[in-house]
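Written below as structure tokens is the structure these notes are about.
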Amino acid sequence: MDGTSNPQDPLGTVPVLAPGHSYRSMTDKLVGIVFSKNTPTAWFVFMAVGFTLLTVLTVSLCYLVLKGVGIWGNNVPVGWAFDIINFVWWIGIGHAGTLISAILLLFKQDWRTSINRFAEAMTLFAVACAAIFPIFHTGRPWLAAYWLFPYPNVMGLWPNFKSPLIWDVFAVSTYATVSALFWYVGLIPDLATFRDKAEKPWQKRIYGILAMGWRGSARHWFRYETAYLILAGLSTPLVLSVHTVVSFDFAVSNLPGWHATIFPPYFVAGAIYAGFAMVLTLAIPLRAIYKLHDFITMRHLENMAKVTLVTGLIVCYGYACEVFFGWYSGNQYERFMLQNRIISGPYAWSYWMLLLCNFLVPQLLWVKKYRRNIAILFTVSMFVNVGMWLERFVIIVTSLHRDFLPGSWDMYYPTRWDFMTFFGTIGLFLTLMFLFVRVLPMISIFEMRTLLPEASPKHKSEGGAH
Amino acid sequence: MTFADIRSRLASPTTPDGRAYWRSLDELANTPEFQDYVAREFPSQASEFNDPAGRRQFLKLMGASLALAGVSACTRQPDEAIVPYVRQPEEVIPGRPLFYATAMSEGGVGMALLAENHLGRPTKLEGNPEHPASLGATDIFGQAAVLSLYDPDRSRTLRYRGDTRTWTGFVTALQGALMTQSALEGAGLRILTEPITSPSLAAQMQMLLASLPQAKWHQWDAVYGTVQGGAPSATPLYNFKDADIVVALDADFMGFGASAVRYTKDFSSRRKIGTPTDQLNRLYVVEPIPTITGSKADHKVALKAADIHAAAAALAAAVGVPATAGASLGDKWQKTLPVMAADLLAHRGRSIVVAGPHQPAAVHALARAMNEALGNVGTTVTYTAPVTVTPADGVASLSALVADMQAGKVDVLVILGANPVFTAPADLDFTGALAKVATRIHLGLYYDETAELCDWHVPEAHFLESWGDLRSFDGTVTIQQPLIAPLYDGRQAIELLSTMNGAPGRSPAELIKEHWMQAFATRAFANAAGQPYASVDAFWRATLHEGFIASTSYLRAGAMATGVAANDAITAPAASVAGLEVVFRPDPHVLDGRHANNGWLQEVPKPLSKLTWDNAAYVSYATAEEYHLKNEDVIEITINGRTAKMPVWVMPGTADGVIGVFFGYGRVKAGRIGSNIGHNPFTLRTGAAPWFQGGATIVRTGEMHILASTQTHFAMEGRNPVRVVDSADYQADPSIVAHMSHFEVPPSLSLYPAFEYKGNKWGMAIDLNACNGCGVCIAACVSENNIPVVGKEQVKRSREMHWIRVDTYFEGDPAEPSGTYHQPLPCQQCENAPCEVVCPVAATVHSDEGLNDMVYNRCVGTRYCSNNCPYKVRRFNFMLYADFTTPELKAQRNPDVTIRSRGVMEKCTYCVQRINHARVDAKTGDRPIADGEVVTACQQACPAEAIVFGDLNNPESKVSQLAAQQRNYSLLDDLGTRPRTTYLAVVRNPNPALPTELPGGAKTSSH
């Protein structure tokens, strides 16, 4: 067995870490990304784009608070549109991070090590973007921000625990909290490395505070391992629960196109699908910008492509089930909904676009050659990102715009503010992501060390994160 | 400058004299700050963005608003001192309204009303339940009129060539002009009015004409006073209650005119069947463009307006009137004709032939001849003298006036109320002729197109500020009494005429009272029970209280001053003209533009098309196909070299080759709401052919005009939201209605225990067989529940706020629909309400009386409830729709109903404020709430009495009995929502000899 490759790689062809690295070279490389004086030009470009869009978000949210949600295209019957589409899209993207960190950790998949840190960061930032929508899409966000939480008050008023939106509040806030903790706990040893490597006193100070006095003693490592494992254990059910609960927003309603029992598994698969596509979308440029080819190898990309393909197929199975159940129910509203969604409706184009993005294009990933072609991989992941957005558009808008009584049917057209808010959250995401890359280790240094040959021989069977 | 400034400036220098008060407002209106304030449509920010300094302020505000968003909930209300009355006015109890009888004019004809008055402010109008023209209901104009009272754009000041003048100054000028005229015996004096039925106003007019015998009185009204082909010499009054067969010849008797309310009531009473064996009436309609009357037809034939005469002649010949039947009018007509004639002949004395007001006298003559031949006269039809004082043909009258003006014979023209500059026929150059008149005086509610071209403009008092008397369609004298002192120093026509008669300064109250005191001395008046009045005082008090003098109805012996003219000669129909026919109709809501500045009327969707804020040209499917037209295409219509542009609306049920053009839009001086919207087809309408004209051509201009319709889909898609059966099938098997559900509905399978209702259990039943889709319920709801106007752009985005909507569905081939059905849709108040479970903050909850309550204060606006409502009856305040700033409108609002702010969901509450009032009364009297004590606004206004509300726990209540009918069904019952509002199915009564197609699911119970 090749000592430089992952011992668990059944093929043993592509290593998860390029050969020729030592503790020192790896630490220097990863720490250098932050402390280097030569920030890559690409960073400034992405940051500029992100910050510009963030400003767009600020303006659109201010205008929203000033004028009301009427600046968007939502109406009656289409009460939810871009707002909830974007919410579900971002929440879905957030799933990959936790999946990679927690579930793959528990399954002892070592290749996760190079991507888990920024995937977790991506999760946090995606949840932050997502959280904007449920608050700001309400008519009175200044009240929604706290009335949705159960807090003791003199009026004796509680939220309505029967409402899926309340479940959502709990699910999303729990998820955000646990993800943040998990991410921060995972950062502590690396923050200590930064503290030690930092040259400027203020840097030492900040990283020192954040490292919470980490000295790397055996006791520290023992406690750390325990805590990390518990958090991984806590996160694992959340990966399944969050999108299940989000899907209840739709499944619990009585609307044809929403009212479907397939929704929870189908949404979870869709979330992982979207999340992996987004990790690919981020990893490919980051790898190029920071020349991380040694750490994020072809093997990582290929593995992610495989997960994308599998979850994509599950999602497509979900599409097939939706169609089958709609037809098999014999319910005329369900059947009409399908016909309107797929064939005769004014938004039928979105369904076919969705199939192109989420079903047809990802089939390229069956072919190894394509999985190893960066350009194709990146293109496919972009298609999936768009496709998953369209999926929510199809579910939310086409179901709402023609429901039960033909007299109440109407069309939905987004306004420029809809687009501004959406692209604005992408700006927020990019800004946070590139700030993160600039100040924190985007690849877990101490975990990468365990992949070195020096680290492995004695405790081969243990694997895992040391 | 803010309203606070305006208010403070107003508050300081005013004197108890109202005149000074308003003069100061006017001065204020001319200040630059105020002009600036008015110019900005959205005073809070919009124009700021273009101005660099303002933009900074704007951004600051935005930032602050975001930061302080949470704090806004804690705003302290300003301190207000509440001072009790020292001397309590008689009968005034704060919080409880008083009702006064009054009336409004529709083309001079009275619509009897009861006005709800809260502490001196009229807030809502209802029909006068005792009055024969209303019987408690109103039409849409009655519901919307209260908004016009408070319209901030109404004319507020007397003007001379645009400058403010005083009434005294005007009177001096008028007297000067009259002095000159009296030397000429009034040869240069002309008075132009709308049709007048008012006996007191007519008396003043006659007095004036007697003293100035050379002066002339002209009448013009583009809607009510205009006839094509001569006016019939007698007016028919119909009794639809006793009519088994009704034939309407281009007659929208349920939708047009001041008689429509009563006729709808009578007609609909024959559509409500209690038991399956009850006999329905049968309606045949022949019309060029679809009307709400046509939508209730059992058999309808769409014909060009010019062919109605030939159709009438053919029908007359078939029922034994000596008339010449013309050429064939198409297959459908030829098939219908013999059946219709046979039906009429089989129901002698129990049928009616109605000729429409837009048809020439010749058609009316045929209809009268038929009614006489069928023995209907005296049973179902009564011919009377016209109720208008001079039954002048408006076109002829106006033409004569214009000719005199052109010839320079007119020195003084007094225009009372009309707006001829906008509405005059295109072939009369009224505007040009007006320039040749030396002294032009205009009295009107608005400073409109005509006012602008007149020397003197006198603001007119709104009818709710006026004393007056009007005859209703049956001649009953109806009294107008003011509900409020004139808000804007308005004057009444009778005041002006009295001034011209040399008695300035007499108040209208005096004039009216005096007229009727004198009349009492000479005529024997009696009350509704036929009892004479004890004294003149008792007479006057009773008349003001009742609102009308019952014995003046022309249906009572001796009430008419003149006899009934003999029937006009029957003439042979003229051959129809080739080419497209343009049919002119007043807009159903703004009429000839007189209601253009009323936001409620603009926003309530027009019947059938559901268009708002616009007029359009109706074309049939076949015509649209032939000319490659689609909705919103702008066409240019040309007749005899005159052109007009109109957007197209493809309307099922329009006769092929007909362009149905609605006028009343395209005004330029209507006010902030009504100006510069829609298109003006008056440029096509000539005096010779004000209602229809053949030989038109159309060209597609390639332009588009966006039309905001509140309904986009008019087919039922096999879902049977409106269940329709034939009377024969219903009689054979009354359970057929229940079997039209898509599933056999299981009893509730809920895990939760059912709600228990120990007291009342409110419910509503809507009889779809009675509903004709007129939309009065919507206007009534708007008025009662302070529903905001959102504007065309928001309606186009499907954000109208109406709590009740009327869905219309067409059945069959869109080119020639076999049926038109209407479905009023308020909140269904479901027992298992889907909205209640999904609200995260429990802002919509079930009440212990079964209402689905909406707690505005608690709502955060997730809109989940609306998404989960299968009926989509919830309305969301996407923006700040309620007008919190216009001070005039504050007085209009119903104090019992919360004004909803931005970001809050709202919906029908079954008028819970009315339930609460009734509950208070019942508790005070220590008794249960009686059936019929709570009447919802929609129910009260509905002329068809299609809506019934009451207690479902009381098996004796009307609503319980309707709910128990086999015609009763729940909308979307297969969803298990168990709505409280239920519907009574449409039972059509087609002639068995002439089967119509019915919806697919109707004949067989589908799965």
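Each chain in the structure tokens gets a letter, A, B and so on, in the order shown; residues start at 1 in every chain, and ligands are counted from 1 in the order they appear.
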
Give as a list of chain:residue names every residue of chain B that touches chain A within 6 Å, counting only C-alpha atoms.
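Filtering chain B at 6 Å from chain A with only C-alpha atoms gives B:Met62, B:Ala69, B:Gly70, B:Gln711, B:His713, B:Ser798, B:Arg799, B:Asp807, B:Val837, B:Val838, B:Cys839, B:Pro840, B:Val841, B:Ala842, B:Val860, B:Gly861, B:Thr862, B:Arg863, B:Asn867, B:Asn868, B:Pro870, B:Phe878, B:Met879, B:Gly903.
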
Please provide as number ranges by chain all residues within 12 Å of Ile245 (chain B), with the sequence filter that same-chain residues fewer than 5 positions apart are discarded (counting only C-alpha atoms).
B: 239-240, 267, 270, 279-285, 297-299, 339-354, 371, 374, 376, 380, 989-991

Could you write out that same residue set with N, CA and C atoms as an mmCIF file, in the first residue's frame?
```cif
data_model
loop_
_atom_site.group_PDB
_atom_site.id
_atom_site.type_symbol
_atom_site.label_atom_id
_atom_site.label_comp_id
_atom_site.auth_asym_id
_atom_site.auth_seq_id
_atom_site.Cartn_x
_atom_site.Cartn_y
_atom_site.Cartn_z
ATOM 1 N N ASN B 239 -93.728 44.247 -13.610
ATOM 2 C CA ASN B 239 -93.927 43.482 -12.394
ATOM 3 C C ASN B 239 -93.368 42.083 -12.652
ATOM 4 N N PHE B 240 -92.074 41.939 -12.404
ATOM 5 C CA PHE B 240 -91.421 40.669 -12.721
ATOM 6 C C PHE B 240 -91.843 39.550 -11.773
ATOM 7 N N PHE B 267 -87.334 39.935 -10.110
ATOM 8 C CA PHE B 267 -86.957 38.845 -11.008
ATOM 9 C C PHE B 267 -86.353 37.700 -10.208
ATOM 10 N N ARG B 270 -88.253 35.025 -8.345
ATOM 11 C CA ARG B 270 -88.772 33.901 -9.118
ATOM 12 C C ARG B 270 -87.676 32.917 -9.503
ATOM 13 N N GLN B 279 -91.981 26.647 -9.249
ATOM 14 C CA GLN B 279 -91.879 27.017 -10.658
ATOM 15 C C GLN B 279 -90.930 28.193 -10.829
ATOM 16 N N LEU B 280 -89.955 28.044 -11.698
ATOM 17 C CA LEU B 280 -89.028 29.139 -12.010
ATOM 18 C C LEU B 280 -89.601 29.963 -13.158
ATOM 19 N N ASN B 281 -89.158 31.204 -13.247
ATOM 20 C CA ASN B 281 -89.480 31.951 -14.455
ATOM 21 C C ASN B 281 -88.477 31.570 -15.548
ATOM 22 N N ARG B 282 -88.736 32.042 -16.738
ATOM 23 C CA ARG B 282 -87.813 31.729 -17.838
ATOM 24 C C ARG B 282 -87.470 33.026 -18.555
ATOM 25 N N LEU B 283 -86.191 33.208 -18.800
ATOM 26 C CA LEU B 283 -85.742 34.471 -19.401
ATOM 27 C C LEU B 283 -85.108 34.223 -20.765
ATOM 28 N N TYR B 284 -85.638 34.913 -21.753
ATOM 29 C CA TYR B 284 -85.022 34.917 -23.087
ATOM 30 C C TYR B 284 -84.370 36.278 -23.282
ATOM 31 N N VAL B 285 -83.148 36.280 -23.761
ATOM 32 C CA VAL B 285 -82.462 37.549 -23.955
ATOM 33 C C VAL B 285 -81.914 37.624 -25.379
ATOM 34 N N ALA B 297 -79.914 34.579 -18.512
ATOM 35 C CA ALA B 297 -80.856 34.072 -19.515
ATOM 36 C C ALA B 297 -80.847 32.557 -19.561
ATOM 37 N N ASP B 298 -82.042 31.996 -19.763
ATOM 38 C CA ASP B 298 -82.102 30.561 -20.030
ATOM 39 C C ASP B 298 -81.801 30.301 -21.495
ATOM 40 N N HIS B 299 -82.187 31.276 -22.317
ATOM 41 C CA HIS B 299 -81.833 31.193 -23.737
ATOM 42 C C HIS B 299 -81.395 32.571 -24.169
ATOM 43 N N VAL B 339 -90.102 28.943 -30.578
ATOM 44 C CA VAL B 339 -90.237 28.410 -29.227
ATOM 45 C C VAL B 339 -90.577 29.534 -28.258
ATOM 46 N N MET B 340 -89.871 30.642 -28.448
ATOM 47 C CA MET B 340 -90.084 31.814 -27.603
ATOM 48 C C MET B 340 -91.508 32.318 -27.784
ATOM 49 N N ALA B 341 -91.946 32.419 -29.027
ATOM 50 C CA ALA B 341 -93.294 32.922 -29.317
ATOM 51 C C ALA B 341 -94.335 31.992 -28.706
ATOM 52 N N ALA B 342 -94.123 30.698 -28.840
ATOM 53 C CA ALA B 342 -95.079 29.732 -28.292
ATOM 54 C C ALA B 342 -95.141 29.861 -26.771
ATOM 55 N N ASP B 343 -93.978 30.059 -26.170
ATOM 56 C CA ASP B 343 -93.904 30.201 -24.718
ATOM 57 C C ASP B 343 -94.680 31.445 -24.267
ATOM 58 N N LEU B 344 -94.501 32.528 -25.015
ATOM 59 C CA LEU B 344 -95.215 33.773 -24.684
ATOM 60 C C LEU B 344 -96.724 33.569 -24.809
ATOM 61 N N LEU B 345 -97.115 32.919 -25.900
ATOM 62 C CA LEU B 345 -98.546 32.725 -26.142
ATOM 63 C C LEU B 345 -99.151 31.804 -25.091
ATOM 64 N N ALA B 346 -98.340 30.882 -24.593
ATOM 65 C CA ALA B 346 -98.834 29.968 -23.570
ATOM 66 C C ALA B 346 -98.922 30.639 -22.210
ATOM 67 N N HIS B 347 -98.326 31.804 -22.065
ATOM 68 C CA HIS B 347 -98.347 32.496 -20.776
ATOM 69 C C HIS B 347 -98.923 33.887 -20.936
ATOM 70 N N ARG B 348 -100.059 33.977 -21.568
ATOM 71 C CA ARG B 348 -100.730 35.270 -21.733
ATOM 72 C C ARG B 348 -101.011 35.868 -20.367
ATOM 73 N N GLY B 349 -100.688 37.116 -20.257
ATOM 74 C CA GLY B 349 -100.949 37.791 -18.985
ATOM 75 C C GLY B 349 -99.930 37.486 -17.914
ATOM 76 N N ARG B 350 -99.063 36.565 -18.188
ATOM 77 C CA ARG B 350 -98.021 36.239 -17.207
ATOM 78 C C ARG B 350 -96.642 36.296 -17.863
ATOM 79 N N SER B 351 -96.514 37.143 -18.822
ATOM 80 C CA SER B 351 -95.220 37.281 -19.491
ATOM 81 C C SER B 351 -94.914 38.767 -19.663
ATOM 82 N N ILE B 352 -93.662 39.048 -20.023
ATOM 83 C CA ILE B 352 -93.268 40.445 -20.253
ATOM 84 C C ILE B 352 -92.325 40.480 -21.447
ATOM 85 N N VAL B 353 -92.530 41.439 -22.307
ATOM 86 C CA VAL B 353 -91.532 41.729 -23.334
ATOM 87 C C VAL B 353 -90.923 43.088 -22.969
ATOM 88 N N VAL B 354 -89.619 43.109 -22.761
ATOM 89 C CA VAL B 354 -88.936 44.327 -22.332
ATOM 90 C C VAL B 354 -88.072 44.840 -23.468
ATOM 91 N N ASN B 371 -96.971 43.287 -25.588
ATOM 92 C CA ASN B 371 -97.513 43.186 -24.231
ATOM 93 C C ASN B 371 -99.025 43.373 -24.243
ATOM 94 N N LEU B 374 -100.571 40.232 -25.727
ATOM 95 C CA LEU B 374 -100.479 39.079 -24.837
ATOM 96 C C LEU B 374 -101.259 39.289 -23.542
ATOM 97 N N ASN B 376 -100.650 41.380 -21.219
ATOM 98 C CA ASN B 376 -99.777 41.621 -20.070
ATOM 99 C C ASN B 376 -100.032 42.974 -19.426
ATOM 100 N N THR B 380 -98.669 42.402 -15.686
ATOM 101 C CA THR B 380 -97.228 42.422 -15.466
ATOM 102 C C THR B 380 -96.575 43.697 -15.968
ATOM 103 N N ASN B 989 -83.721 27.008 -16.225
ATOM 104 C CA ASN B 989 -85.052 26.610 -16.645
ATOM 105 C C ASN B 989 -85.171 26.721 -18.157
ATOM 106 N N PRO B 990 -84.381 25.970 -18.893
ATOM 107 C CA PRO B 990 -84.477 26.084 -20.350
ATOM 108 C C PRO B 990 -85.787 25.495 -20.852
ATOM 109 N N ASN B 991 -86.198 25.990 -21.969
ATOM 110 C CA ASN B 991 -87.406 25.453 -22.587
ATOM 111 C C ASN B 991 -87.116 24.041 -23.069
#
```

Could you tell me how far CA of Thr712 (chain B) lies from CA of Glu632 (chain B), in Å and to one decimal?
13.0 Å

From a backbone DSSP assignment, name each residue in region 4-218 of chain A labelled alpha helix (DSSP H), as a VMD selection string.
chain A and resid 23 to 35 41 to 67 82 to 93 95 to 98 104 to 106 113 to 136 141 to 147 164 to 197 201 to 210 218

In Å, with one decimal, what is the gap from CA of Thr264 (chain B) to CA of Pro943 (chain B)?
5.9 Å
